[in-house]
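To be precise, the following lines are input33.txt, and they hold compact mmCIF, C-alpha atoms.
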# COMPACT_ATOMS: atom_id res chain seq x y z
CA MET A 1 -6.27 39.90 -15.22
CA ASP A 2 -7.84 39.45 -11.77
CA LEU A 3 -5.09 39.86 -9.16
CA SER A 4 -7.30 39.10 -6.17
CA PRO A 5 -6.31 36.01 -4.17
CA PRO A 6 -8.20 32.78 -4.92
CA PRO A 7 -10.72 31.45 -2.39
CA THR A 8 -9.62 28.73 0.02
CA PRO A 9 -10.42 25.36 -1.59
CA PRO A 10 -12.76 22.97 0.21
CA SER A 11 -11.20 20.23 2.33
CA LYS A 12 -12.26 17.51 -0.11
CA VAL A 13 -11.48 16.47 -3.66
CA PRO A 14 -13.69 17.88 -6.45
CA ARG A 15 -16.71 15.81 -7.44
CA ASP A 16 -16.44 16.60 -11.17
CA SER A 17 -14.27 18.46 -13.68
CA LYS A 18 -16.16 21.73 -13.16
CA GLU A 19 -14.94 21.90 -9.55
CA ARG A 20 -11.28 21.28 -10.41
CA ARG A 21 -8.84 24.11 -9.81
CA PHE A 22 -6.03 23.10 -12.10
CA LYS A 23 -5.34 22.50 -15.76
CA ASP A 24 -4.51 18.92 -16.74
CA PHE A 25 -0.94 17.72 -17.32
CA GLY A 26 0.41 14.27 -18.10
CA THR A 27 3.19 13.72 -15.55
CA PRO A 28 2.57 10.53 -13.47
CA CYS A 29 2.41 11.96 -9.96
CA GLU A 30 -0.11 12.23 -7.14
CA TRP A 31 -3.33 14.03 -8.11
CA VAL A 32 -2.76 17.76 -7.87
CA GLU A 33 -6.38 18.30 -6.74
CA ASP A 34 -5.46 16.45 -3.54
CA TYR A 35 -3.55 19.54 -2.42
CA HIS A 36 -6.12 21.26 -0.23
CA PRO A 37 -6.66 21.96 3.48
CA GLY A 38 -6.55 18.70 5.41
CA SER A 39 -4.44 16.91 2.81
CA TYR A 40 -0.87 16.96 1.39
CA HIS A 41 1.73 19.57 2.27
CA PRO A 42 3.18 21.26 -0.86
CA VAL A 43 6.88 20.38 -1.12
CA HIS A 44 9.55 21.73 -3.47
CA LEU A 45 13.07 20.46 -4.01
CA GLY A 46 15.39 22.40 -1.73
CA ASP A 47 12.76 22.97 0.97
CA VAL A 48 14.05 22.67 4.53
CA PHE A 49 12.25 21.29 7.58
CA HIS A 50 12.67 21.24 11.35
CA ASN A 51 14.60 24.51 11.73
CA GLY A 52 16.75 23.80 8.68
CA GLN A 53 17.92 20.35 9.75
CA TYR A 54 16.43 18.45 6.79
CA LYS A 55 16.89 19.60 3.18
CA VAL A 56 14.69 17.89 0.54
CA ILE A 57 16.56 16.69 -2.56
CA ARG A 58 14.42 13.94 -4.12
CA LYS A 59 10.96 12.41 -4.06
CA LEU A 60 10.83 8.74 -3.08
CA GLY A 61 7.10 8.02 -3.19
CA ASP A 62 3.55 9.00 -2.35
CA GLY A 63 0.41 7.33 -1.08
CA SER A 64 -3.12 8.14 -0.01
CA PHE A 65 -1.99 9.57 3.32
CA SER A 66 1.53 10.88 2.80
CA THR A 67 4.38 11.86 0.51
CA VAL A 68 7.93 10.60 1.13
CA TRP A 69 11.12 12.52 0.33
CA LEU A 70 14.85 11.95 0.48
CA ALA A 71 16.53 14.65 2.51
CA ARG A 72 19.98 15.54 3.77
CA ASP A 73 20.22 15.66 7.55
CA THR A 74 22.60 18.61 7.85
CA ARG A 75 23.00 18.18 11.60
CA ASN A 76 24.05 14.52 11.49
CA ASN A 77 25.63 14.45 8.02
CA ARG A 78 23.45 11.64 6.66
CA TYR A 79 20.53 11.01 4.33
CA VAL A 80 17.04 10.34 5.68
CA ALA A 81 13.54 9.77 4.36
CA ILE A 82 10.87 12.27 5.43
CA LYS A 83 7.33 10.92 5.49
CA ILE A 84 4.96 13.90 5.56
CA LEU A 85 1.45 12.85 6.57
CA ILE A 86 -1.67 14.62 5.36
CA SER A 87 -2.78 17.17 7.94
CA ASP A 88 -6.02 15.31 8.70
CA LEU A 89 -3.73 12.79 10.40
CA SER A 90 -1.67 15.40 12.24
CA GLY A 91 -3.14 14.44 15.61
CA SER A 92 -2.36 10.76 15.03
CA ILE A 93 0.76 9.25 16.56
CA HIS A 94 -0.35 5.73 15.70
CA GLU A 95 2.52 4.75 13.39
CA SER A 96 5.27 6.08 15.63
CA GLN A 97 3.65 4.41 18.65
CA VAL A 98 3.70 1.02 16.93
CA LEU A 99 7.32 1.44 15.88
CA ARG A 100 8.45 2.51 19.34
CA GLN A 101 6.54 -0.37 20.93
CA LEU A 102 8.29 -2.88 18.67
CA MET A 103 11.70 -1.34 19.36
CA HIS A 104 11.02 -1.58 23.09
CA ASP A 105 9.58 -5.12 23.12
CA ALA A 106 11.90 -6.78 20.60
CA PRO A 107 14.79 -4.51 19.58
CA ASP A 108 16.82 -7.23 17.83
CA GLU A 109 13.99 -8.38 15.56
CA ALA A 110 12.65 -4.83 15.02
CA LYS A 111 15.75 -3.99 12.99
CA HIS A 112 13.99 -5.70 10.07
CA ILE A 113 11.42 -2.89 10.00
CA THR A 114 12.35 0.55 8.70
CA GLN A 115 13.80 2.49 11.62
CA LEU A 116 12.15 5.65 12.96
CA LEU A 117 14.86 8.26 13.61
CA ASP A 118 12.92 11.40 14.49
CA GLU A 119 9.47 13.00 14.38
CA PHE A 120 8.12 16.53 14.47
CA GLU A 121 5.22 18.70 13.31
CA HIS A 122 5.31 21.13 10.39
CA HIS A 123 2.88 23.99 9.85
CA GLY A 124 1.84 24.65 6.24
CA PRO A 125 -0.98 26.17 4.17
CA ASN A 126 -3.01 22.94 4.39
CA GLY A 127 -2.68 22.49 8.14
CA ILE A 128 -0.34 20.89 10.65
CA HIS A 129 1.50 17.85 9.33
CA LYS A 130 3.12 15.06 11.31
CA CYS A 131 6.57 14.34 9.85
CA LEU A 132 8.32 11.03 10.49
CA ILE A 133 12.03 10.61 9.78
CA PHE A 134 13.20 7.16 8.67
CA GLU A 135 16.35 5.55 7.36
CA PRO A 136 16.24 5.78 3.55
CA MET A 137 15.31 2.58 1.73
CA GLY A 138 15.74 1.24 -1.79
CA PRO A 139 13.12 -0.02 -4.25
CA SER A 140 10.42 -2.51 -3.40
CA VAL A 141 11.15 -6.20 -3.78
CA ASN A 142 8.97 -9.17 -4.58
CA SER A 143 10.26 -11.65 -2.01
CA MET A 144 8.79 -14.40 0.13
CA LYS A 145 11.41 -13.55 2.74
CA SER A 146 9.41 -10.50 3.80
CA PHE A 147 6.99 -12.89 5.49
CA LEU A 148 9.58 -13.55 8.20
CA THR A 149 9.16 -9.93 9.31
CA LEU A 150 5.40 -10.33 9.16
CA ALA A 151 5.67 -13.36 11.45
CA PHE A 152 7.69 -11.21 13.88
CA LEU A 153 4.90 -8.58 13.94
CA HIS A 154 2.26 -11.22 14.66
CA GLU A 155 4.34 -12.66 17.50
CA ASN A 156 4.24 -9.19 19.06
CA GLY A 157 0.49 -8.76 18.63
CA ILE A 158 0.69 -6.38 15.66
CA THR A 159 -1.13 -6.74 12.34
CA HIS A 160 0.55 -4.82 9.50
CA GLY A 161 -2.72 -3.98 7.74
CA ASP A 162 -1.16 -3.02 4.40
CA PHE A 163 1.01 -5.99 3.44
CA GLN A 164 1.75 -5.56 -0.27
CA PRO A 165 4.83 -5.53 -2.56
CA GLY A 166 5.23 -1.75 -2.39
CA ASN A 167 5.90 -1.97 1.35
CA ILE A 168 8.63 -4.62 1.07
CA LEU A 169 11.89 -2.76 0.50
CA PHE A 170 15.61 -3.29 0.02
CA ALA A 171 17.77 -1.72 2.70
CA LEU A 172 20.55 0.54 1.42
CA SER A 173 24.20 0.32 2.42
CA ASN A 174 26.73 3.16 2.48
CA ILE A 175 24.26 5.70 1.08
CA ASP A 176 25.64 8.44 3.33
CA SER A 177 28.89 8.38 1.34
CA LYS A 178 27.07 9.26 -1.91
CA PRO A 179 27.40 12.89 -3.05
CA GLU A 180 24.20 14.91 -2.94
CA GLU A 181 24.47 15.72 -6.64
CA GLU A 182 24.25 12.00 -7.45
CA LEU A 183 21.03 11.55 -5.46
CA ARG A 184 19.27 14.81 -6.30
CA GLN A 185 16.05 14.71 -8.35
CA LYS A 186 16.66 15.34 -12.03
CA ASP A 187 15.12 18.27 -13.90
CA VAL A 188 12.18 18.69 -16.27
CA GLU A 189 14.18 17.43 -19.26
CA ALA A 190 14.55 14.07 -17.50
CA GLN A 191 10.73 14.08 -17.11
CA SER A 192 11.01 13.58 -13.36
CA ILE A 193 9.50 17.00 -12.61
CA SER A 194 6.18 18.16 -14.00
CA PRO A 195 5.63 21.35 -15.99
CA PRO A 196 4.51 24.31 -13.86
CA ILE A 197 1.10 23.72 -12.28
CA GLU A 198 -1.48 26.23 -13.49
CA ARG A 199 -4.88 27.12 -12.09
CA LYS A 200 -7.76 27.37 -14.52
CA ASP A 201 -8.50 30.92 -13.33
CA GLY A 202 -4.88 32.02 -13.77
CA LYS A 203 -4.46 32.88 -10.09
CA GLN A 204 -1.54 31.90 -7.88
CA ASP A 205 -2.37 28.87 -5.72
CA LYS A 206 -0.78 28.63 -2.27
CA TRP A 207 -2.18 25.21 -1.31
CA ALA A 208 -0.45 23.22 -4.07
CA PRO A 209 3.24 23.17 -5.06
CA ARG A 210 4.46 25.02 -8.16
CA TYR A 211 5.32 21.64 -9.72
CA LEU A 212 5.08 17.95 -8.85
CA CYS A 213 7.90 15.39 -8.69
CA VAL A 214 7.79 11.85 -10.02
CA ALA A 215 8.73 9.30 -7.37
CA GLN A 216 12.29 8.03 -7.90
CA PRO A 217 13.25 5.11 -5.62
CA ILE A 218 16.97 4.88 -4.99
CA VAL A 219 18.59 2.09 -6.99
CA TYR A 220 22.23 1.04 -6.75
CA PRO A 221 22.63 -2.31 -8.55
CA ASN A 222 25.88 -3.18 -6.82
CA ASP A 223 24.15 -2.96 -3.45
CA TYR A 224 21.79 -5.78 -4.36
CA ALA A 225 24.29 -8.30 -5.68
CA ARG A 226 24.35 -10.39 -2.51
CA GLY A 227 23.83 -10.28 1.22
CA VAL A 228 21.44 -7.33 1.30
CA THR A 229 18.62 -6.89 3.78
CA ILE A 230 14.88 -6.68 3.18
CA LYS A 231 12.73 -4.61 5.51
CA LEU A 232 9.00 -4.12 5.91
CA SER A 233 7.92 -0.48 5.73
CA ASP A 234 4.89 1.77 6.23
CA MET A 235 3.38 0.92 9.60
CA GLY A 236 0.66 3.56 9.12
CA GLY A 237 -1.94 0.82 8.69
CA ALA A 238 -0.64 -1.39 11.50
CA PHE A 239 -2.81 -2.15 14.50
CA SER A 240 -3.17 -4.46 17.48
CA LEU A 241 -6.34 -6.49 17.88
CA GLU A 242 -6.99 -4.66 21.17
CA HIS A 243 -7.02 -1.37 19.26
CA PRO A 244 -7.96 -2.07 15.62
CA LEU A 245 -8.17 0.72 13.09
CA THR A 246 -11.67 1.92 12.28
CA LYS A 247 -10.79 2.18 8.59
CA PRO A 248 -7.98 -0.20 7.52
CA ILE A 249 -6.11 0.83 4.36
CA THR A 250 -5.40 -2.56 2.78
CA PRO A 251 -5.91 -2.40 -1.02
CA SER A 252 -9.35 -3.68 -2.04
CA GLY A 253 -8.06 -6.75 -3.87
CA LEU A 254 -6.20 -7.97 -0.77
CA ARG A 255 -9.09 -7.67 1.69
CA SER A 256 -10.57 -10.74 3.35
CA PRO A 257 -14.19 -11.78 2.71
CA GLU A 258 -15.20 -11.30 6.36
CA PHE A 259 -14.00 -7.71 6.24
CA VAL A 260 -15.76 -6.99 2.94
CA LEU A 261 -19.04 -8.35 4.32
CA THR A 262 -18.97 -7.42 8.01
CA GLY A 263 -15.97 -5.17 8.62
CA ALA A 264 -14.54 -7.84 10.93
CA VAL A 265 -10.81 -7.55 11.71
CA ASN A 266 -8.87 -10.49 13.10
CA ASN A 267 -5.33 -11.79 13.46
CA THR A 268 -5.42 -13.44 10.00
CA TRP A 269 -5.85 -10.14 8.14
CA ASP A 270 -2.26 -10.15 6.88
CA ILE A 271 -2.39 -13.89 6.19
CA TRP A 272 -5.20 -13.48 3.66
CA SER A 273 -3.32 -10.62 1.96
CA PHE A 274 -0.19 -12.77 1.84
CA GLY A 275 -2.06 -15.63 0.16
CA CYS A 276 -3.19 -13.26 -2.59
CA LEU A 277 0.37 -11.96 -2.94
CA VAL A 278 1.89 -15.44 -3.26
CA PHE A 279 -0.30 -15.95 -6.32
CA GLU A 280 0.53 -12.50 -7.73
CA LEU A 281 4.28 -12.63 -7.15
CA ILE A 282 4.63 -16.04 -8.81
CA THR A 283 2.22 -15.61 -11.73
CA GLY A 284 2.73 -11.89 -12.30
CA GLN A 285 -1.04 -11.37 -12.22
CA PRO A 286 -3.24 -9.98 -9.43
CA PHE A 287 -5.41 -12.65 -7.82
CA PHE A 288 -8.44 -10.39 -7.34
CA CYS A 289 -8.60 -7.38 -9.65
CA VAL A 290 -11.18 -5.13 -7.96
CA PRO A 291 -11.75 -1.87 -9.90
CA TRP A 292 -13.92 0.93 -8.55
CA PHE A 293 -17.49 0.60 -9.81
CA GLY A 294 -18.77 4.03 -8.80
CA SER A 295 -20.01 3.00 -5.36
CA GLU A 296 -18.70 0.95 -2.46
CA ALA A 297 -21.68 -1.42 -2.68
CA ASP A 298 -21.09 -2.20 -6.38
CA THR A 299 -17.34 -2.56 -5.85
CA ASP A 300 -17.90 -4.98 -2.96
CA ASP A 301 -20.41 -6.96 -5.04
CA ASN A 302 -17.80 -7.40 -7.76
CA HIS A 303 -15.27 -8.61 -5.18
CA LEU A 304 -17.76 -11.02 -3.63
CA LEU A 305 -18.64 -12.48 -7.02
CA TYR A 306 -14.93 -13.12 -7.59
CA PHE A 307 -14.75 -14.96 -4.25
CA ASN A 308 -17.59 -17.24 -5.36
CA LEU A 309 -16.30 -17.83 -8.87
CA ILE A 310 -12.59 -18.29 -8.12
CA LEU A 311 -12.50 -19.82 -4.63
CA GLY A 312 -15.94 -21.42 -4.40
CA ALA A 313 -19.28 -20.64 -2.76
CA LEU A 314 -19.28 -18.47 0.35
CA PRO A 315 -20.31 -20.36 3.50
CA ASP A 316 -23.71 -19.59 5.01
CA ASN A 317 -22.30 -17.60 7.92
CA LEU A 318 -20.77 -15.11 5.46
CA TYR A 319 -23.36 -15.28 2.69
CA LYS A 320 -26.15 -14.18 5.04
CA HIS A 321 -24.42 -10.79 5.42
CA TRP A 322 -24.47 -10.13 1.66
CA THR A 323 -27.57 -7.93 1.58
CA ARG A 324 -27.56 -7.60 -2.22
CA SER A 325 -26.97 -11.24 -3.06
CA SER A 326 -30.43 -11.50 -4.67
CA LEU A 327 -29.13 -9.34 -7.53
CA TYR A 328 -26.91 -12.27 -8.53
CA PHE A 329 -28.25 -15.46 -6.95
CA THR A 330 -31.59 -17.21 -6.79
CA PRO A 331 -33.10 -18.12 -3.37
CA GLU A 332 -31.52 -21.55 -3.90
CA ARG A 333 -28.15 -19.79 -4.27
CA GLU A 334 -27.86 -20.56 -7.97
CA LEU A 335 -25.86 -17.89 -9.82
CA TYR A 336 -27.99 -16.27 -12.53
CA ASN A 337 -26.37 -12.85 -13.13
CA CYS A 338 -22.90 -11.29 -13.03
CA ASN A 339 -23.93 -7.78 -14.09
CA ILE A 340 -22.84 -5.55 -11.21
CA GLY A 341 -25.80 -3.77 -9.67
CA GLY A 342 -28.37 -6.19 -11.09
CA VAL A 343 -29.91 -6.87 -14.47
CA PRO A 344 -30.74 -3.60 -16.28
CA ASP A 345 -34.36 -3.19 -17.38
CA GLY A 346 -35.01 -4.81 -20.72
CA GLU A 347 -31.71 -6.71 -20.77
CA GLU A 348 -30.73 -10.33 -20.24
CA PRO A 349 -28.64 -11.43 -17.23
CA LEU A 350 -24.88 -11.51 -17.78
CA MET A 351 -23.06 -14.75 -17.04
CA LEU A 352 -19.29 -15.13 -16.76
CA ASP A 353 -17.23 -18.31 -16.91
CA GLU A 354 -14.49 -17.36 -14.45
CA PRO A 355 -11.82 -20.05 -13.91
CA SER A 356 -10.89 -21.38 -10.51
CA MET A 357 -7.70 -20.36 -8.73
CA GLU A 358 -5.93 -23.51 -9.91
CA VAL A 359 -6.92 -22.96 -13.55
CA MET A 360 -5.88 -19.29 -13.37
CA PHE A 361 -2.51 -20.35 -11.98
CA ASP A 362 -1.94 -22.88 -14.76
CA GLN A 363 -3.06 -20.41 -17.45
CA ALA A 364 -0.46 -17.91 -16.20
CA ALA A 365 2.19 -20.59 -16.85
CA PRO A 366 4.75 -19.54 -14.22
CA ASP A 367 8.27 -20.85 -14.67
CA LEU A 368 7.94 -23.72 -12.17
CA GLN A 369 8.31 -27.46 -12.34
CA GLU A 370 5.01 -29.33 -12.12
CA GLU A 371 5.68 -30.56 -8.58
CA GLU A 372 6.52 -27.10 -7.27
CA ALA A 373 3.52 -25.56 -9.06
CA SER A 374 1.29 -28.09 -7.30
CA GLN A 375 2.85 -27.19 -3.94
CA VAL A 376 2.15 -23.49 -4.51
CA LYS A 377 -1.50 -24.08 -5.46
CA VAL A 378 -2.01 -26.23 -2.37
CA LEU A 379 -0.38 -23.55 -0.21
CA VAL A 380 -2.59 -20.78 -1.61
CA ARG A 381 -5.68 -22.90 -0.93
CA ARG A 382 -4.52 -23.54 2.64
CA ILE A 383 -4.11 -19.80 3.20
CA LEU A 384 -7.29 -18.54 1.51
CA GLN A 385 -9.79 -20.31 3.75
CA TYR A 386 -13.15 -18.60 4.27
CA ASP A 387 -13.04 -19.57 7.95
CA PRO A 388 -10.33 -17.44 9.63
CA ALA A 389 -9.81 -20.16 12.25
CA ARG A 390 -8.70 -22.59 9.52
CA ARG A 391 -6.14 -20.24 7.93
CA LEU A 392 -2.51 -21.00 8.58
CA SER A 393 -0.77 -18.87 11.18
CA ALA A 394 2.48 -17.11 10.33
CA ALA A 395 4.43 -19.75 12.26
CA GLU A 396 2.63 -22.58 10.44
CA LEU A 397 3.33 -20.95 7.09
CA LEU A 398 7.04 -20.84 7.83
CA ARG A 399 6.93 -24.61 8.37
CA ASP A 400 5.18 -25.31 5.07
CA PRO A 401 7.53 -27.48 2.91
CA TRP A 402 7.46 -25.17 -0.11
CA PHE A 403 7.81 -22.01 1.92
CA ALA A 404 10.60 -23.36 4.13
CA ASP A 405 12.57 -24.40 1.05
CA GLU A 406 12.00 -20.97 -0.56
CA VAL A 407 13.23 -19.05 2.46
CA GLY A 408 16.24 -21.28 3.08
CA SER A 409 18.12 -22.41 6.11
CA ASP A 410 19.49 -18.93 6.94
CA SER A 411 16.05 -17.31 6.99
CA PRO A 412 16.32 -15.46 10.34
CA SER A 413 18.85 -13.09 8.80
CA LEU A 414 16.39 -11.97 6.12
CA MET A 415 19.25 -11.89 3.66
CA VAL A 416 18.70 -12.14 -0.07
CA ARG A 417 20.89 -14.68 -1.85

Spell out the structure here as structure tokens.
Amino acid sequence: MDLSPPPTPPSKVPRDSKERRFKDFGTPCEWVEDYHPGSYHPVHLGDVFHNGQYKVIRKLGDGSFSTVWLARDTRNNRYVAIKILISDLSGSIHESQVLRQLMHDAPDEAKHITQLLDEFEHHGPNGIHKCLIFEPMGPSVNSMKSFLTLAFLHENGITHGDFQPGNILFALSNIDSKPEEELRQKDVEAQSISPPIERKDGKQDKWAPRYLCVAQPIVYPNDYARGVTIKLSDMGGAFSLEHPLTKPITPSGLRSPEFVLTGAVNNTWDIWSFGCLVFELITGQPFFCVPWFGSEADTDDNHLLYFNLILGALPDNLYKHWTRSSLYFTPERELYNCNIGGVPDGEEPLMLDEPSMEVMFDQAAPDLQEEEASQVKVLVRRILQYDPARRLSAAELLRDPWFADEVGSDSPSLMVR
């Protein structure tokens, strides 16, 4: 057996299976190949951070740019959530800047966003990682009431940039009184921890953890019976229009047509995402399902075809930016092919009969009375306008008859009833 240390992995994910370092395993966690210089920090249950102040006891979640862990703050005798950013973002203080700005400008309203408690840097085998300490939160919630917090952000010149159900969370009450044993991540037998991670070459890897943990959001049913608070989380994609992000992180299916075609960012970015989410949260089906087609160009083409088929033809000012439109439309803008990437040699064009938004909504058969279903379809149409100037603002949305009735008269409290 070769006992020499393994070479440092490249600071990018492998292009194919031959470049992969690790054997496959079936536990649903983040991709183990993402543990390399510039990316995730390897974390194990029981690890301590910030000179021993924070002890990790449970994994709460993971995303493209961070992992999130429940930890015991031994100095202040409380539980906290540690968000450990990938090291490529170690020089970025963007998220904490946004949070501190909101706390300074509107402290009363900012309490409806997850609270930043501390921040520090941690040195690891994959680089220097920015660590943000937040109040711990419960599971995500599908609620229209989260839009009240979104309206607050817009009033303060901030666009969330990643408005989706996974970032709408229940606040927790009295969690600090729970014993650590009750909150600690369960063992392998509970299938919340993966089997040991093994390299293909049998060597010991120092860039990845020895095992991975399945995300386990904290759930206490009694806490959600009545009068609990909803908060908007993950401000890592937030930006002001004066300083927009160069690469927003909104999921593909929630991106606006002007961004897909031109990269344009405006103050209706979140509004478009919200319109898609209204449809999804009520019908239980994603509005635009945009899988990866092997290239950004093909993936965007698929998305743009959905715009045309479901919402109607793109206006001229947007269509002119679609450089590959001739693969699908005639010069007269008649659709002749839906095969992504064009018609393969020797084959016939592919045509799809995709229903409109209204037909899709009715086919999903949500549990609504006919009048309310009509209100929702009208609202979605009012939101998903191709012209950003015609989209409803957050304040206008809150005055919509259906939305106002859904939120209720006590809406400023953001309380769930």

Could you list as a PyMOL selection string every residue that has an atom within 12 Å of (-17.9, -8.4, -6.1), using the file's coordinates and counting only C-alpha atoms?
-> chain A and resi 252-253+255+257+260-261+288-293+295-310+322+324-325+327-328+337-342

Could you write out that same residue set with C-alpha atoms as a PDB file, in the coordinates of the input?
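Produced file part-v5.pdb, reproduced below:
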ATOM      1  CA  SER A 252      -9.350  -3.680  -2.040  1.00  0.00           C
ATOM      2  CA  GLY A 253      -8.060  -6.750  -3.870  1.00  0.00           C
ATOM      3  CA  ARG A 255      -9.090  -7.670   1.690  1.00  0.00           C
ATOM      4  CA  PRO A 257     -14.190 -11.780   2.710  1.00  0.00           C
ATOM      5  CA  VAL A 260     -15.760  -6.990   2.940  1.00  0.00           C
ATOM      6  CA  LEU A 261     -19.040  -8.350   4.320  1.00  0.00           C
ATOM      7  CA  PHE A 288      -8.440 -10.390  -7.340  1.00  0.00           C
ATOM      8  CA  CYS A 289      -8.600  -7.380  -9.650  1.00  0.00           C
ATOM      9  CA  VAL A 290     -11.180  -5.130  -7.960  1.00  0.00           C
ATOM     10  CA  PRO A 291     -11.750  -1.870  -9.900  1.00  0.00           C
ATOM     11  CA  TRP A 292     -13.920   0.930  -8.550  1.00  0.00           C
ATOM     12  CA  PHE A 293     -17.490   0.600  -9.810  1.00  0.00           C
ATOM     13  CA  SER A 295     -20.010   3.000  -5.360  1.00  0.00           C
ATOM     14  CA  GLU A 296     -18.700   0.950  -2.460  1.00  0.00           C
ATOM     15  CA  ALA A 297     -21.680  -1.420  -2.680  1.00  0.00           C
ATOM     16  CA  ASP A 298     -21.090  -2.200  -6.380  1.00  0.00           C
ATOM     17  CA  THR A 299     -17.340  -2.560  -5.850  1.00  0.00           C
ATOM     18  CA  ASP A 300     -17.900  -4.980  -2.960  1.00  0.00           C
ATOM     19  CA  ASP A 301     -20.410  -6.960  -5.040  1.00  0.00           C
ATOM     20  CA  ASN A 302     -17.800  -7.400  -7.760  1.00  0.00           C
ATOM     21  CA  HIS A 303     -15.270  -8.610  -5.180  1.00  0.00           C
ATOM     22  CA  LEU A 304     -17.760 -11.020  -3.630  1.00  0.00           C
ATOM     23  CA  LEU A 305     -18.640 -12.480  -7.020  1.00  0.00           C
ATOM     24  CA  TYR A 306     -14.930 -13.120  -7.590  1.00  0.00           C
ATOM     25  CA  PHE A 307     -14.750 -14.960  -4.250  1.00  0.00           C
ATOM     26  CA  ASN A 308     -17.590 -17.240  -5.360  1.00  0.00           C
ATOM     27  CA  LEU A 309     -16.300 -17.830  -8.870  1.00  0.00           C
ATOM     28  CA  ILE A 310     -12.590 -18.290  -8.120  1.00  0.00           C
ATOM     29  CA  TRP A 322     -24.470 -10.130   1.660  1.00  0.00           C
ATOM     30  CA  ARG A 324     -27.560  -7.600  -2.220  1.00  0.00           C
ATOM     31  CA  SER A 325     -26.970 -11.240  -3.060  1.00  0.00           C
ATOM     32  CA  LEU A 327     -29.130  -9.340  -7.530  1.00  0.00           C
ATOM     33  CA  TYR A 328     -26.910 -12.270  -8.530  1.00  0.00           C
ATOM     34  CA  ASN A 337     -26.370 -12.850 -13.130  1.00  0.00           C
ATOM     35  CA  CYS A 338     -22.900 -11.290 -13.030  1.00  0.00           C
ATOM     36  CA  ASN A 339     -23.930  -7.780 -14.090  1.00  0.00           C
ATOM     37  CA  ILE A 340     -22.840  -5.550 -11.210  1.00  0.00           C
ATOM     38  CA  GLY A 341     -25.800  -3.770  -9.670  1.00  0.00           C
ATOM     39  CA  GLY A 342     -28.370  -6.190 -11.090  1.00  0.00           C
TER      40      GLY A 342
END

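With only C-alpha atoms as the atoms that count, the minimum distance from Glu396 of chain A to the choices A:Pro286, A:Ile271, A:His41, A:Leu132 is reached by A:Ile271.
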
Tell me, as a ChimeraX atom specification, which residues lie within 8 Å of Gly46 of chain A, counting only C-alpha atoms; anything in the same chain fewer than 6 positions away does not count.
-> /A:55-57

Would you put the residues from that selection into a file with C-alpha atoms, as a PDB file, in the frame of the given file?
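Final file, again_1.pdb:
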ATOM      1  CA  LYS A  55      16.890  19.600   3.180  1.00  0.00           C
ATOM      2  CA  VAL A  56      14.690  17.890   0.540  1.00  0.00           C
ATOM      3  CA  ILE A  57      16.560  16.690  -2.560  1.00  0.00           C
TER       4      ILE A  57
END

Of the candidates A:Thr283, A:Ser96, A:Gln191, A:Gln53, which one gets nearest to Thr27 of chain A if we count all atoms listed in the file?
->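 Counting all atoms listed in the file, the residue closest to Thr27 of chain A is A:Gln191.
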
Contacts of Pro14 of chain A at 9 Å or less, counting all atoms listed in the file, minus same-chain residues fewer than 6 places along, as a ChimeraX atom specification?
-> /A:20-21,33-34

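Pairwise distance (atom CA of Lys18 of chain A, atom CA of Asp201 of chain A) equals 12.0 Å.
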
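Between Asp205 of chain A and the residues A:Ser273, A:Asn126, A:Asn317, A:Asn267, the shortest atom-to-atom distance, using all atoms listed in the file, involves A:Asn126.
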
Surrounding residues of Val80 of chain A excluding itself and chain neighbours under 5 positions, 8 Å, only C-alpha atoms, as a list in words =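 Listed by chain and then number, they are Leu70, Ala71, Arg72, Asp73, Ile133, Phe134, Glu135 and Pro136 of chain A.
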
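Reported to one decimal place, the separation of atom CA of Asn266 of chain A from atom CA of Arg382 of chain A is 17.3 Å.
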
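Between atom CA of Arg199 of chain A and atom CA of Lys23 of chain A lies a distance of 5.9 Å.
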
Counting all atoms listed in the file, what is within 10 Å of segment 173-189 of chain A, bar same-chain residues fewer than 5 positions away, as a short mmCIF file (atom, residue, chain, number, x, y, z; two decimals) with C-alpha atoms, keeping the file's coordinate frame?
data_model
loop_
_atom_site.label_atom_id
_atom_site.label_comp_id
_atom_site.auth_asym_id
_atom_site.auth_seq_id
_atom_site.Cartn_x
_atom_site.Cartn_y
_atom_site.Cartn_z
CA LEU A 45 13.07 20.46 -4.01
CA GLY A 46 15.39 22.40 -1.73
CA VAL A 56 14.69 17.89 0.54
CA ILE A 57 16.56 16.69 -2.56
CA ARG A 58 14.42 13.94 -4.12
CA LYS A 59 10.96 12.41 -4.06
CA LEU A 60 10.83 8.74 -3.08
CA LEU A 70 14.85 11.95 0.48
CA ALA A 71 16.53 14.65 2.51
CA ARG A 72 19.98 15.54 3.77
CA ASP A 73 20.22 15.66 7.55
CA ASN A 77 25.63 14.45 8.02
CA ARG A 78 23.45 11.64 6.66
CA TYR A 79 20.53 11.01 4.33
CA VAL A 80 17.04 10.34 5.68
CA PRO A 136 16.24 5.78 3.55
CA MET A 137 15.31 2.58 1.73
CA GLY A 138 15.74 1.24 -1.79
CA SER A 194 6.18 18.16 -14.00
CA PRO A 195 5.63 21.35 -15.99
CA PRO A 196 4.51 24.31 -13.86
CA TYR A 211 5.32 21.64 -9.72
CA CYS A 213 7.90 15.39 -8.69
CA VAL A 214 7.79 11.85 -10.02
CA ALA A 215 8.73 9.30 -7.37
CA GLN A 216 12.29 8.03 -7.90
CA ILE A 218 16.97 4.88 -4.99
CA VAL A 219 18.59 2.09 -6.99
CA TYR A 220 22.23 1.04 -6.75
CA ASP A 223 24.15 -2.96 -3.45
CA TYR A 224 21.79 -5.78 -4.36
CA VAL A 228 21.44 -7.33 1.30
CA THR A 229 18.62 -6.89 3.78
#
